[in-house]
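Asker: Quick one: the structure is below, and I'll ask about it shortly.
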Amino acid sequence: MEPIEIDRDGTRLHALWQQGTGTPLVIVPGVLADAKSWRRAAAAIDRPEPILVVNRRGREPSGPLGDDYGVDTEVLDLFAWLHHLKEPVRLFGWSFGGLIAIETANRTRSVDRVIAYEPIMRPFGAHALPALRAAEGDPDRILDVALRDIAGTPPEQVPAPARELLRTWAAPVPQETAALNMFAPAWEDLTAPVDLIVGENSRNTPYGDTFDAVASLLPAAGLHVLKGQGHLAHAEDPEALGATITGLIAARAA
């Protein structure tokens with residue numbers, strides 16, 4: 001995949017681009033991830049269409065979140081990418097990226113369809129906000145709070161190489177968690193088809209609970225379970241996730 005950049009109102013937005021033909025698929029990662037962490041999953045999508053994996057702001061070389069950051073900021077960034085592509089797109093979003101993808105489709109007819117893997121919505125992570133705010137400026141403390149209090153993973157169980165990688169994405173977590181908890185979805189008029197995917201191992205966890213909350217707001221959505229996977233399917237089994245995305249696009253196309 002090759003790097004690509006655009007400017008939105010003075011903020012650099014970076015992405016990875018894979019050439020192809022047909023309706024582009026735009027991948028929107030969530031918290032504690034960047035575009036590079038989604039390359040293997042993107043490579044496992046067996047489709048001829050081009051793929052754009054966005055580096056959401058807060059992840060270099062994209063610009064910072066900014067003082068007025070919110071879900072609206074993310075949607076307008078995605079609009080900028082849609083304008084750059086100059087054609088209808090399909091959106092895939094993971095976690096917070098799933099919320100962003102659905103809300104973007106809610107505001108434009110330029111989205112052909114949405115696939116979201118375990119999208120999150122408020123009050124996800126709200127209980128951890130005081131600790132996250134207290135840790136701002138300290139990526140290690142932020143990561144510990146995110147792992148322990150949100151993901152339910154003891155920080156000491158995360159291998160050092162994985163921790164160092166996650167640490168590079170930790171700084172935006174307090175603002176991102178606050179933003180998703182300030183946003184109230186209203187998707188009654190959403191017209192784009194939506195498919196929602198949940199990992200089998202995420203059931204009876206906070207990720208499964210928030211997935212069910214999103215699904216309740218989208219009664220027409222297709223619901224799918226990825227067997228043997230949890231919230232980090234893109235890192236733990238990108239081939240299985242890529243095959244699932246491939247199948248959903250093919251089924252809708254047919």
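Starting from 1 in every chain, residues are counted up; chains themselves are A, B, ... following the order of the structure tokens, and ligands are numbered from 1 as listed.
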Among region 160-229 of chain A, which ones does DSSP assign to helix (DSSP H, G or I) (computed from the backbone)? Answer as a PyMOL selection string.
Answerer: chain A and resi 160-167+173-182+200-202+206-217
Asker: Restrict the selected residues to N, CA and C atoms and save them as an mmCIF file, in the first residue's frame.
Answerer:
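Result file part_21.cif:
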data_model
loop_
_atom_site.group_PDB
_atom_site.id
_atom_site.type_symbol
_atom_site.label_atom_id
_atom_site.label_comp_id
_atom_site.auth_asym_id
_atom_site.auth_seq_id
_atom_site.Cartn_x
_atom_site.Cartn_y
_atom_site.Cartn_z
ATOM 1 N N ALA A 160 5.943 -6.908 26.188
ATOM 2 C CA ALA A 160 6.630 -5.624 26.038
ATOM 3 C C ALA A 160 6.573 -5.070 24.613
ATOM 4 N N PRO A 161 6.807 -5.873 23.554
ATOM 5 C CA PRO A 161 6.742 -5.305 22.194
ATOM 6 C C PRO A 161 5.351 -4.764 21.868
ATOM 7 N N ALA A 162 4.296 -5.503 22.264
ATOM 8 C CA ALA A 162 2.932 -5.042 22.004
ATOM 9 C C ALA A 162 2.636 -3.777 22.797
ATOM 10 N N ARG A 163 3.112 -3.744 24.048
ATOM 11 C CA ARG A 163 2.881 -2.557 24.874
ATOM 12 C C ARG A 163 3.532 -1.322 24.266
ATOM 13 N N GLU A 164 4.748 -1.469 23.776
ATOM 14 C CA GLU A 164 5.451 -0.322 23.187
ATOM 15 C C GLU A 164 4.710 0.208 21.971
ATOM 16 N N LEU A 165 4.130 -0.710 21.184
ATOM 17 C CA LEU A 165 3.359 -0.296 20.018
ATOM 18 C C LEU A 165 2.082 0.418 20.452
ATOM 19 N N LEU A 166 1.354 -0.167 21.392
ATOM 20 C CA LEU A 166 0.113 0.454 21.880
ATOM 21 C C LEU A 166 0.386 1.821 22.499
ATOM 22 N N ARG A 167 1.527 1.954 23.148
ATOM 23 C CA ARG A 167 1.876 3.218 23.797
ATOM 24 C C ARG A 167 1.933 4.366 22.801
ATOM 25 N N VAL A 173 -6.390 8.820 23.598
ATOM 26 C CA VAL A 173 -7.480 8.029 24.187
ATOM 27 C C VAL A 173 -8.401 8.845 25.103
ATOM 28 N N PRO A 174 -7.883 9.715 25.991
ATOM 29 C CA PRO A 174 -8.816 10.473 26.835
ATOM 30 C C PRO A 174 -9.789 11.329 26.028
ATOM 31 N N GLN A 175 -9.286 12.067 25.023
ATOM 32 C CA GLN A 175 -10.167 12.902 24.209
ATOM 33 C C GLN A 175 -11.129 12.065 23.386
ATOM 34 N N GLU A 176 -10.656 10.944 22.855
ATOM 35 C CA GLU A 176 -11.531 10.089 22.047
ATOM 36 C C GLU A 176 -12.638 9.486 22.892
ATOM 37 N N THR A 177 -12.297 9.033 24.097
ATOM 38 C CA THR A 177 -13.306 8.444 24.984
ATOM 39 C C THR A 177 -14.327 9.495 25.400
ATOM 40 N N ALA A 178 -13.862 10.707 25.677
ATOM 41 C CA ALA A 178 -14.790 11.790 26.020
ATOM 42 C C ALA A 178 -15.700 12.112 24.834
ATOM 43 N N ALA A 179 -15.133 12.128 23.612
ATOM 44 C CA ALA A 179 -15.911 12.467 22.426
ATOM 45 C C ALA A 179 -17.024 11.467 22.174
ATOM 46 N N LEU A 180 -16.716 10.174 22.276
ATOM 47 C CA LEU A 180 -17.760 9.183 21.994
ATOM 48 C C LEU A 180 -18.849 9.218 23.055
ATOM 49 N N ASN A 181 -18.502 9.640 24.279
ATOM 50 C CA ASN A 181 -19.503 9.709 25.334
ATOM 51 C C ASN A 181 -20.318 10.996 25.308
ATOM 52 N N MET A 182 -19.890 11.967 24.496
ATOM 53 C CA MET A 182 -20.671 13.184 24.304
ATOM 54 C C MET A 182 -21.593 13.080 23.096
ATOM 55 N N GLU A 200 -17.082 -13.787 18.417
ATOM 56 C CA GLU A 200 -17.710 -14.773 19.302
ATOM 57 C C GLU A 200 -17.228 -14.619 20.742
ATOM 58 N N ASN A 201 -15.954 -14.309 20.928
ATOM 59 C CA ASN A 201 -15.393 -14.207 22.269
ATOM 60 C C ASN A 201 -15.709 -12.879 22.957
ATOM 61 N N SER A 202 -16.334 -11.966 22.230
ATOM 62 C CA SER A 202 -16.690 -10.677 22.827
ATOM 63 C C SER A 202 -18.053 -10.701 23.507
ATOM 64 N N PRO A 206 -17.797 -6.033 27.820
ATOM 65 C CA PRO A 206 -18.250 -4.680 27.472
ATOM 66 C C PRO A 206 -18.359 -4.447 25.971
ATOM 67 N N TYR A 207 -17.497 -5.106 25.176
ATOM 68 C CA TYR A 207 -17.585 -4.938 23.727
ATOM 69 C C TYR A 207 -18.856 -5.577 23.171
ATOM 70 N N GLY A 208 -19.230 -6.717 23.717
ATOM 71 C CA GLY A 208 -20.473 -7.340 23.288
ATOM 72 C C GLY A 208 -21.685 -6.541 23.712
ATOM 73 N N ASP A 209 -21.628 -5.958 24.908
ATOM 74 C CA ASP A 209 -22.751 -5.156 25.398
ATOM 75 C C ASP A 209 -22.972 -3.916 24.536
ATOM 76 N N THR A 210 -21.886 -3.222 24.189
ATOM 77 C CA THR A 210 -22.053 -2.016 23.379
ATOM 78 C C THR A 210 -22.434 -2.379 21.942
ATOM 79 N N PHE A 211 -21.976 -3.546 21.456
ATOM 80 C CA PHE A 211 -22.415 -4.024 20.145
ATOM 81 C C PHE A 211 -23.931 -4.193 20.137
ATOM 82 N N ASP A 212 -24.474 -4.805 21.177
ATOM 83 C CA ASP A 212 -25.921 -5.008 21.252
ATOM 84 C C ASP A 212 -26.668 -3.679 21.292
ATOM 85 N N ALA A 213 -26.079 -2.675 21.967
ATOM 86 C CA ALA A 213 -26.715 -1.365 22.028
ATOM 87 C C ALA A 213 -26.762 -0.714 20.650
ATOM 88 N N VAL A 214 -25.663 -0.829 19.902
ATOM 89 C CA VAL A 214 -25.651 -0.296 18.534
ATOM 90 C C VAL A 214 -26.662 -1.043 17.672
ATOM 91 N N ALA A 215 -26.672 -2.366 17.777
ATOM 92 C CA ALA A 215 -27.599 -3.168 16.971
ATOM 93 C C ALA A 215 -29.052 -2.806 17.250
ATOM 94 N N SER A 216 -29.364 -2.446 18.495
ATOM 95 C CA SER A 216 -30.745 -2.082 18.836
ATOM 96 C C SER A 216 -31.182 -0.800 18.142
ATOM 97 N N LEU A 217 -30.214 0.062 17.781
ATOM 98 C CA LEU A 217 -30.539 1.302 17.069
ATOM 99 C C LEU A 217 -30.614 1.099 15.566
#
Asker: Closest to Thr21 (chain A) among A:Ile51, A:Ala151, A:Ala192, A:Ile45, using only C-alpha atoms?
Answerer: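 The closest residue to Thr21 (chain A) is A:Ile51.
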Asker: Determine, counting only C-alpha atoms, which protein, DNA and RNA residues have an atom within 10 Å of an atom of Asp149 (chain A); residues of the same chain fewer than 6 positions away are not included. Present the result as a list in words.
Answerer: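 The residues satisfying every condition are Gly125, His127, Ala128, Leu129, Ala131, Leu132, Leu143 and Pro155 of chain A.
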Asker: Please identify every residue of region 160-225 of chain A that has at least one atom no farther than 10 Å from an atom of region 98-108 of chain A, counting only C-alpha atoms, and for each give the shortest atom pair and the distance in Å to one decimal, arranged by chain then increasing number, as CSV.
Answerer:
residue,atom,partner,partner_atom,distance
A:Leu180,CA,A:Leu99,CA,8.4
A:Phe183,CA,A:Leu99,CA,9.8
A:Pro185,CA,A:Glu103,CA,7.5
A:Ala186,CA,A:Glu103,CA,8.5
A:Trp187,CA,A:Asn106,CA,6.5
A:Glu188,CA,A:Asn106,CA,8.9
A:Asp189,CA,A:Asn106,CA,7.2
A:Leu190,CA,A:Asn106,CA,4.9
A:Thr191,CA,A:Asn106,CA,7.3
A:Ala192,CA,A:Ala105,CA,6.6
A:Pro193,CA,A:Ala105,CA,9.4
A:Val194,CA,A:Ile102,CA,8.0
A:Leu196,CA,A:Gly98,CA,9.0
A:Val214,CA,A:Leu99,CA,8.7
A:Leu218,CA,A:Ile102,CA,9.9
Asker: With distances taken over only C-alpha atoms, which residue among A:Arg148, A:His231, A:Arg113, A:His224 lies nearest Ser95 (chain A)?
Answerer: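 Smallest separation from Ser95 (chain A) among the options: A:His231.
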Asker: Give me the residues near Glu236 (chain A) as a list in words, where near means some atom within 12 Å (using only C-alpha atoms) and where sequence neighbours in that chain fewer than 6 positions away do not count.
Answerer: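 Once the nearby chain positions are removed, what remains is Ser37, Trp38, Arg40, Ala41, Gly199, Gly228, Gln229, Gly230 and Gly242 of chain A.
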Asker: Those same residues, written as a PDB file, in the first residue's frame with N, CA and C atoms?
Answerer:
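Output file again.pdb follows:
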ATOM      1  N   SER A  37      -1.485  -0.756  11.343  1.00  0.00           N
ATOM      2  CA  SER A  37      -1.937  -1.931  12.089  1.00  0.00           C
ATOM      3  C   SER A  37      -3.067  -2.671  11.380  1.00  0.00           C
ATOM      4  N   TRP A  38      -3.624  -2.062  10.327  1.00  0.00           N
ATOM      5  CA  TRP A  38      -4.709  -2.686   9.567  1.00  0.00           C
ATOM      6  C   TRP A  38      -4.261  -3.181   8.202  1.00  0.00           C
ATOM      7  N   ARG A  40      -2.523  -5.876   7.321  1.00  0.00           N
ATOM      8  CA  ARG A  40      -2.697  -7.324   7.097  1.00  0.00           C
ATOM      9  C   ARG A  40      -4.163  -7.658   6.853  1.00  0.00           C
ATOM     10  N   ALA A  41      -5.053  -7.023   7.596  1.00  0.00           N
ATOM     11  CA  ALA A  41      -6.482  -7.272   7.375  1.00  0.00           C
ATOM     12  C   ALA A  41      -6.902  -6.766   6.000  1.00  0.00           C
ATOM     13  N   GLY A 199     -17.280 -10.382  17.449  1.00  0.00           N
ATOM     14  CA  GLY A 199     -16.472 -11.568  17.685  1.00  0.00           C
ATOM     15  C   GLY A 199     -17.155 -12.494  18.680  1.00  0.00           C
ATOM     16  N   GLY A 228     -14.543 -17.634  17.151  1.00  0.00           N
ATOM     17  CA  GLY A 228     -13.219 -17.755  17.733  1.00  0.00           C
ATOM     18  C   GLY A 228     -12.456 -16.458  17.890  1.00  0.00           C
ATOM     19  N   GLN A 229     -13.120 -15.311  17.674  1.00  0.00           N
ATOM     20  CA  GLN A 229     -12.415 -14.033  17.718  1.00  0.00           C
ATOM     21  C   GLN A 229     -13.000 -13.108  18.779  1.00  0.00           C
ATOM     22  N   GLY A 230     -12.179 -12.140  19.188  1.00  0.00           N
ATOM     23  CA  GLY A 230     -12.598 -11.102  20.107  1.00  0.00           C
ATOM     24  C   GLY A 230     -12.460  -9.751  19.447  1.00  0.00           C
ATOM     25  N   GLY A 242     -10.543 -10.576   7.159  1.00  0.00           N
ATOM     26  CA  GLY A 242     -10.561 -10.195   5.762  1.00  0.00           C
ATOM     27  C   GLY A 242     -11.506 -11.048   4.937  1.00  0.00           C
TER      28      GLY A 242
END
Asker: So that I can check the surroundings of His14 (chain A), please list as a count of residues only every protein, DNA and RNA residue that reaches within 12 Å of it, counting only C-alpha atoms and ignoring chain neighbours fewer than 4 positions away.
Answerer: 28
Asker: Counting only C-alpha atoms, figure out which residue out of A:Leu147, A:Ala15, A:Leu65, A:Ala134 gets nearest to Arg39 (chain A).
Answerer: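 Ranked by minimum distance to Arg39 (chain A), first place goes to A:Ala15.
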